[in-house]
>>> print(open('my_file-v2.txt').read())   # compact mmCIF, C-alpha atoms
# COMPACT_ATOMS: atom_id res chain seq x y z
CA MET A 27 51.52 -66.48 -54.93
CA SER A 28 52.24 -63.74 -52.43
CA ILE A 29 53.28 -60.26 -53.42
CA LYS A 30 56.76 -60.56 -51.94
CA SER A 31 57.47 -63.85 -53.64
CA ARG A 32 56.71 -62.44 -57.12
CA PHE A 33 58.03 -58.89 -56.95
CA THR A 34 60.75 -57.84 -54.54
CA LEU A 35 63.10 -54.88 -54.79
CA ARG A 36 66.77 -55.53 -55.25
CA GLN A 37 68.69 -54.52 -52.14
CA PRO A 38 70.17 -52.15 -51.33
CA VAL A 39 67.91 -49.74 -53.24
CA ASP A 40 70.13 -47.07 -54.79
CA ILE A 41 68.12 -43.91 -55.48
CA GLN A 42 69.89 -41.41 -57.74
CA CYS A 43 68.67 -37.81 -57.88
CA VAL A 44 69.48 -36.14 -61.20
CA ASP A 45 69.12 -32.50 -62.20
CA ILE A 46 67.48 -31.59 -65.49
CA ALA A 47 67.89 -27.86 -65.99
CA GLY A 48 66.91 -27.11 -62.40
CA HIS A 49 64.26 -29.81 -62.02
CA GLN A 50 64.81 -33.04 -60.15
CA ALA A 51 64.14 -36.59 -61.30
CA LEU A 52 64.87 -39.90 -59.61
CA ILE A 53 66.50 -42.98 -61.12
CA ILE A 54 66.64 -46.42 -59.54
CA ASP A 55 68.67 -48.95 -61.51
CA ASP A 56 68.27 -52.72 -61.05
CA PHE A 57 64.89 -52.00 -59.45
CA LEU A 58 63.39 -55.50 -59.25
CA GLU A 59 64.99 -58.76 -58.25
CA GLN A 60 63.33 -60.64 -61.12
CA PRO A 61 62.21 -58.21 -63.83
CA GLU A 62 62.04 -61.14 -66.26
CA VAL A 63 58.76 -62.13 -64.57
CA LEU A 64 57.21 -58.95 -65.94
CA LEU A 65 58.55 -59.73 -69.40
CA GLN A 66 56.89 -63.14 -69.27
CA ILE A 67 53.60 -61.62 -68.13
CA ALA A 68 53.74 -58.94 -70.85
CA ALA A 69 54.43 -61.58 -73.50
CA GLN A 70 51.21 -63.38 -72.48
CA SER A 71 49.07 -60.23 -72.12
CA GLN A 72 46.38 -58.95 -74.44
CA PHE A 73 47.41 -55.46 -75.59
CA GLU A 74 44.88 -52.86 -76.71
CA ILE A 75 45.28 -49.63 -78.66
CA TYR A 76 45.70 -46.57 -76.44
CA PRO A 77 42.68 -44.25 -76.36
CA GLY A 78 43.22 -41.39 -78.77
CA VAL A 79 45.44 -43.20 -81.26
CA ALA A 80 42.70 -43.18 -83.89
CA GLN A 81 42.53 -39.39 -83.48
CA GLN A 82 46.35 -39.16 -83.64
CA LYS A 83 46.56 -38.04 -80.03
CA GLY A 84 48.13 -39.41 -76.89
CA TYR A 85 50.54 -42.31 -76.55
CA PRO A 86 51.26 -43.74 -80.01
CA GLY A 87 50.94 -47.41 -79.26
CA ILE A 88 49.30 -50.21 -77.32
CA ARG A 89 48.95 -51.14 -73.67
CA ALA A 90 48.00 -53.94 -71.30
CA GLN A 91 47.24 -53.80 -67.60
CA ALA A 92 50.15 -54.82 -65.39
CA PRO A 93 49.80 -57.18 -62.41
CA GLU A 94 48.06 -55.73 -59.38
CA ASP A 95 50.68 -57.13 -57.02
CA TYR A 96 53.40 -55.20 -58.86
CA SER A 97 51.30 -52.06 -58.53
CA GLN A 98 50.96 -52.61 -54.77
CA VAL A 99 54.67 -53.19 -54.26
CA LEU A 100 55.49 -50.11 -56.34
CA THR A 101 53.04 -47.89 -54.45
CA GLU A 102 54.09 -49.04 -50.99
CA PHE A 103 57.72 -48.35 -51.79
CA LEU A 104 57.33 -45.12 -53.76
CA GLU A 105 54.79 -43.15 -51.72
CA PRO A 106 57.20 -42.23 -48.88
CA VAL A 107 60.07 -41.81 -51.37
CA MET A 108 58.13 -39.33 -53.51
CA ARG A 109 56.88 -37.43 -50.47
CA GLN A 110 60.44 -37.02 -49.21
CA PHE A 111 62.29 -36.21 -52.43
CA PHE A 112 59.63 -33.97 -53.95
CA ALA A 113 58.50 -32.29 -50.70
CA ILE A 114 54.89 -33.45 -51.03
CA PRO A 115 52.81 -32.43 -47.99
CA GLU A 116 51.85 -35.33 -45.74
CA GLU A 117 48.22 -34.23 -45.55
CA LEU A 118 47.68 -34.76 -49.28
CA GLY A 119 46.12 -38.10 -50.17
CA LEU A 120 47.43 -40.36 -52.92
CA ARG A 121 45.61 -41.05 -56.18
CA LYS A 122 47.03 -43.51 -58.66
CA SER A 123 46.28 -44.63 -62.20
CA ILE A 124 46.49 -48.25 -63.26
CA CYS A 125 49.93 -49.60 -64.08
CA ALA A 126 50.12 -50.40 -67.78
CA PHE A 127 52.59 -52.15 -70.04
CA SER A 128 53.18 -49.87 -73.03
CA LEU A 129 54.58 -50.56 -76.48
CA THR A 130 55.23 -47.87 -79.08
CA THR A 131 53.86 -49.14 -82.38
CA THR A 132 52.72 -46.20 -84.54
CA PRO A 133 54.88 -45.56 -87.63
CA ALA A 134 56.31 -42.03 -87.74
CA ALA A 135 54.38 -41.34 -90.96
CA GLU A 136 51.09 -41.86 -89.09
CA LEU A 137 51.79 -39.59 -86.10
CA GLY A 138 49.52 -36.58 -85.60
CA PRO A 139 50.92 -33.08 -84.92
CA LEU A 140 50.44 -33.38 -81.15
CA GLN A 141 52.38 -36.66 -81.13
CA ARG A 142 55.35 -35.02 -82.86
CA THR A 143 56.20 -32.53 -80.12
CA PRO A 144 57.01 -32.67 -76.40
CA HIS A 145 54.02 -32.81 -74.06
CA PHE A 146 53.08 -32.65 -70.39
CA ASP A 147 50.93 -35.21 -68.58
CA ALA A 148 49.18 -32.86 -66.14
CA SER A 149 49.53 -29.33 -64.79
CA THR A 150 48.88 -30.20 -61.14
CA PRO A 151 51.85 -29.58 -58.80
CA HIS A 152 52.32 -33.11 -57.46
CA HIS A 153 51.53 -35.28 -60.48
CA MET A 154 54.34 -37.84 -60.78
CA ALA A 155 55.14 -40.02 -63.78
CA VAL A 156 56.78 -43.37 -62.99
CA LEU A 157 58.34 -45.40 -65.76
CA LEU A 158 59.97 -48.82 -65.52
CA TYR A 159 62.05 -49.66 -68.58
CA LEU A 160 61.70 -53.27 -69.67
CA CYS A 161 63.88 -52.66 -72.73
CA ASP A 162 67.50 -51.61 -73.14
CA GLU A 163 69.36 -48.48 -74.20
CA LYS A 164 68.89 -49.22 -77.92
CA HIS A 165 65.32 -48.00 -77.46
CA GLY A 166 66.23 -44.42 -76.58
CA GLY A 167 64.94 -42.89 -73.36
CA THR A 168 62.97 -39.92 -72.05
CA GLY A 169 63.91 -36.41 -73.19
CA PHE A 170 63.10 -33.11 -71.46
CA TYR A 171 62.62 -29.73 -73.15
CA ARG A 172 62.10 -25.99 -72.84
CA HIS A 173 59.51 -24.21 -74.95
CA ASN A 174 61.42 -21.41 -76.63
CA THR A 175 58.74 -18.76 -77.06
CA THR A 176 57.44 -18.90 -73.48
CA GLY A 177 60.65 -20.12 -71.82
CA LEU A 178 58.64 -22.76 -69.96
CA GLN A 179 59.90 -26.19 -68.92
CA GLN A 180 57.08 -26.98 -66.53
CA ILE A 181 53.38 -26.35 -66.98
CA ASN A 182 51.21 -25.38 -64.01
CA ALA A 183 47.75 -23.96 -63.38
CA ASP A 184 49.00 -20.39 -63.73
CA ASN A 185 50.76 -20.73 -67.08
CA ARG A 186 48.83 -23.59 -68.70
CA GLU A 187 46.37 -21.54 -70.76
CA HIS A 188 49.04 -19.14 -72.00
CA TYR A 189 51.33 -22.01 -72.95
CA LEU A 190 48.60 -23.88 -74.82
CA ASP A 191 47.53 -20.74 -76.68
CA VAL A 192 51.08 -20.19 -77.93
CA TYR A 193 51.71 -23.90 -78.55
CA TYR A 194 48.60 -24.37 -80.72
CA GLU A 195 49.29 -21.15 -82.58
CA GLU A 196 52.76 -22.42 -83.47
CA ILE A 197 51.52 -25.86 -84.49
CA ASN A 198 48.87 -24.36 -86.75
CA ALA A 199 51.36 -21.96 -88.30
CA ARG A 200 54.01 -24.62 -88.94
CA ARG A 201 53.36 -28.32 -88.62
CA PRO A 202 56.03 -30.27 -86.71
CA ALA A 203 58.32 -32.51 -88.75
CA GLN A 204 56.81 -35.92 -89.51
CA ARG A 205 58.96 -37.84 -87.03
CA TYR A 206 59.27 -38.89 -83.44
CA PHE A 207 60.54 -35.86 -81.54
CA ASP A 208 63.93 -36.16 -79.88
CA ASP A 209 66.35 -33.27 -80.48
CA SER A 210 65.84 -29.49 -80.44
CA SER A 211 63.63 -27.66 -82.93
CA ALA A 212 62.73 -24.04 -83.62
CA GLU A 213 60.03 -24.34 -80.94
CA PHE A 214 61.70 -26.53 -78.29
CA THR A 215 65.20 -26.79 -76.81
CA PHE A 216 66.47 -30.20 -75.71
CA LEU A 217 67.60 -30.05 -72.06
CA GLY A 218 68.66 -33.63 -71.43
CA MET A 219 67.67 -37.26 -71.57
CA ILE A 220 67.35 -40.15 -69.14
CA PRO A 221 68.47 -43.14 -71.23
CA ALA A 222 66.54 -46.37 -71.30
CA LYS A 223 68.09 -49.25 -69.38
CA PHE A 224 66.54 -52.60 -68.61
CA ASN A 225 65.05 -52.68 -65.09
CA ARG A 226 65.55 -48.91 -64.60
CA LEU A 227 62.80 -47.02 -62.75
CA VAL A 228 62.45 -43.30 -63.48
CA ILE A 229 60.31 -40.81 -61.52
CA TYR A 230 59.67 -37.20 -62.60
CA HIS A 231 57.04 -34.48 -62.49
CA GLY A 232 54.44 -35.10 -65.18
CA SER A 233 54.16 -31.33 -65.60
CA LEU A 234 57.62 -31.18 -67.21
CA LEU A 235 57.69 -30.93 -70.99
CA HIS A 236 59.00 -34.29 -72.15
CA SER A 237 58.93 -36.82 -74.94
CA ALA A 238 59.83 -40.44 -75.47
CA CYS A 239 63.06 -40.56 -77.48
CA ILE A 240 62.47 -43.43 -79.87
CA ASN A 241 64.53 -45.30 -82.44
CA PRO A 242 61.89 -45.99 -85.13
CA ALA A 243 64.19 -48.44 -86.92
CA ILE A 244 63.98 -51.00 -84.09
CA SER A 245 61.49 -49.78 -81.48
CA LEU A 246 58.14 -49.94 -83.28
CA SER A 247 57.09 -53.49 -82.48
CA SER A 248 54.05 -55.08 -80.88
CA ASN A 249 56.23 -57.91 -79.56
CA PRO A 250 56.99 -57.21 -75.87
CA LEU A 251 60.24 -59.15 -76.14
CA GLN A 252 61.50 -57.02 -79.03
CA GLY A 253 59.89 -53.59 -78.84
CA ARG A 254 60.15 -50.55 -76.60
CA LEU A 255 58.40 -52.08 -73.60
CA THR A 256 57.83 -49.86 -70.57
CA LEU A 257 55.60 -50.10 -67.53
CA ASN A 258 53.91 -46.76 -66.85
CA SER A 259 52.22 -45.47 -63.72
CA PHE A 260 50.96 -42.04 -62.66
CA PHE A 261 50.58 -40.78 -59.09
CA ASP A 262 48.91 -37.58 -57.96
CA PHE A 263 48.71 -36.05 -54.50
>>> encode(input="my_file-v2.txt", output="structure tokens")
Amino acid sequence: MSIKSRFTLRQPVDIQCVDIAGHQALIIDDFLEQPEVLLQIAAQSQFEIYPGVAQQKGYPGIRAQAPEDYSQVLTEFLEPVMRQFFAIPEELGLRKSICAFSLTTTPAAELGPLQRTPHFDASTPHHMAVLLYLCDEKHGGTGFYRHNTTGLQQINADNREHYLDVYYEEINARRPAQRYFDDSSAEFTFLGMIPAKFNRLVIYHGSLLHSACINPAISLSSNPLQGRLTLNSFFDF
């Protein structure tokens, strides 16, 4: 089956630019013509535990590789969009991770300290996180935060070591609450959230401090048709 026949973008594509405390993110609702195809593929996929879960680090759940033709369609569409909206120099080449279905499955009681606070994906200037929600608004969204002691919202090569020094000092002095992080705390201020919505694509800098806002009562499921299913990709230039 050809790429276009399986995964086509719903037209017209409506790109919304939203401001999160001075930083821009993009939202595209109703992204795919037939997102249900991805649900069917996810339901038949073999999920594996994310690397780091045993050490209570990283994404607290399971993943499965997404179809390569979806990845190609996504990349062909998004590369010029990201270059334009985020002012990425044309001379920089594109590097991309695999696209992966992701399901949050770790009970809150089993989360490690690093999984109970906001995080950043990378400190490089053009690292972009791309998230397709294949679940609805009952499953929360993506929250963004400011670190109170340093005042940082975005981590880069210049401030990374200082931020991590302060962050680890705080975690060692006072362990984060044993829960999925969502609202403000003594260490982090909540700046805003992009809610989950079925077939919503979200693009933001991976260097922003962020966290998945999760409803543990309904979202912790290994069933792709019931849990907090997302399709995650990372691009770097």
>>> closest_residue(input="my_file-v2.txt", among="A:Gln141, A:Gln110, A:Thr150, A:Thr176", to="Leu52 in chain A", atoms="all atoms listed in the file")
A:Gln110
>>> atom_distance(input="my_file-v2.txt", atom1="CA of Leu120 in chain A", atom2="CA of Arg254 in chain A")
28.7 Å
>>> residues_around(input="my_file-v2.txt", residues="Cys43 in chain A", least_positions_apart="2", cutoff="8 Å", atoms="all atoms listed in the file", output="ChimeraX atom specification")
/A:41,45,50-53
>>> atom_distance(input="my_file-v2.txt", atom1="CA of Asp262 in chain A", atom2="CA of Val107 in chain A")
13.6 Å
>>> residues_around(input="my_file-v2.txt", residues="Phe261 in chain A", least_positions_apart="3", cutoff="8 Å", atoms="only C-alpha atoms", output="ChimeraX atom specification")
/A:120-123,153-156
>>> closest_residue(input="my_file-v2.txt", among="A:Leu227, A:Ala183, A:Ile88, A:Leu118", to="Ser247 in chain A", atoms="all atoms listed in the file")
A:Ile88
>>> axis_aligned_box(input="my_file-v2.txt", around="range 227-235 of chain A", padding_each_side="8 Å", output="lines of an AutoDock Vina configuration file")
center_x = 58.5
center_y = -39.0
center_z = -66.3
size_x = 24.6
size_y = 32.1
size_z = 25.5
>>> residues_near_point(input="my_file-v2.txt", point="(69.0, -51.9, -71.1)", cutoff="8 Å", atoms="all atoms listed in the file", output="MDAnalysis selection string")
chainID A and resid 159:164 222:226
>>> residues_around(input="my_file-v2.txt", residues="His152 in chain A", least_positions_apart="6", cutoff="8 Å", atoms="all atoms listed in the file", output="list in words")
Ile114, His231, Asp262 and Phe263 of chain A
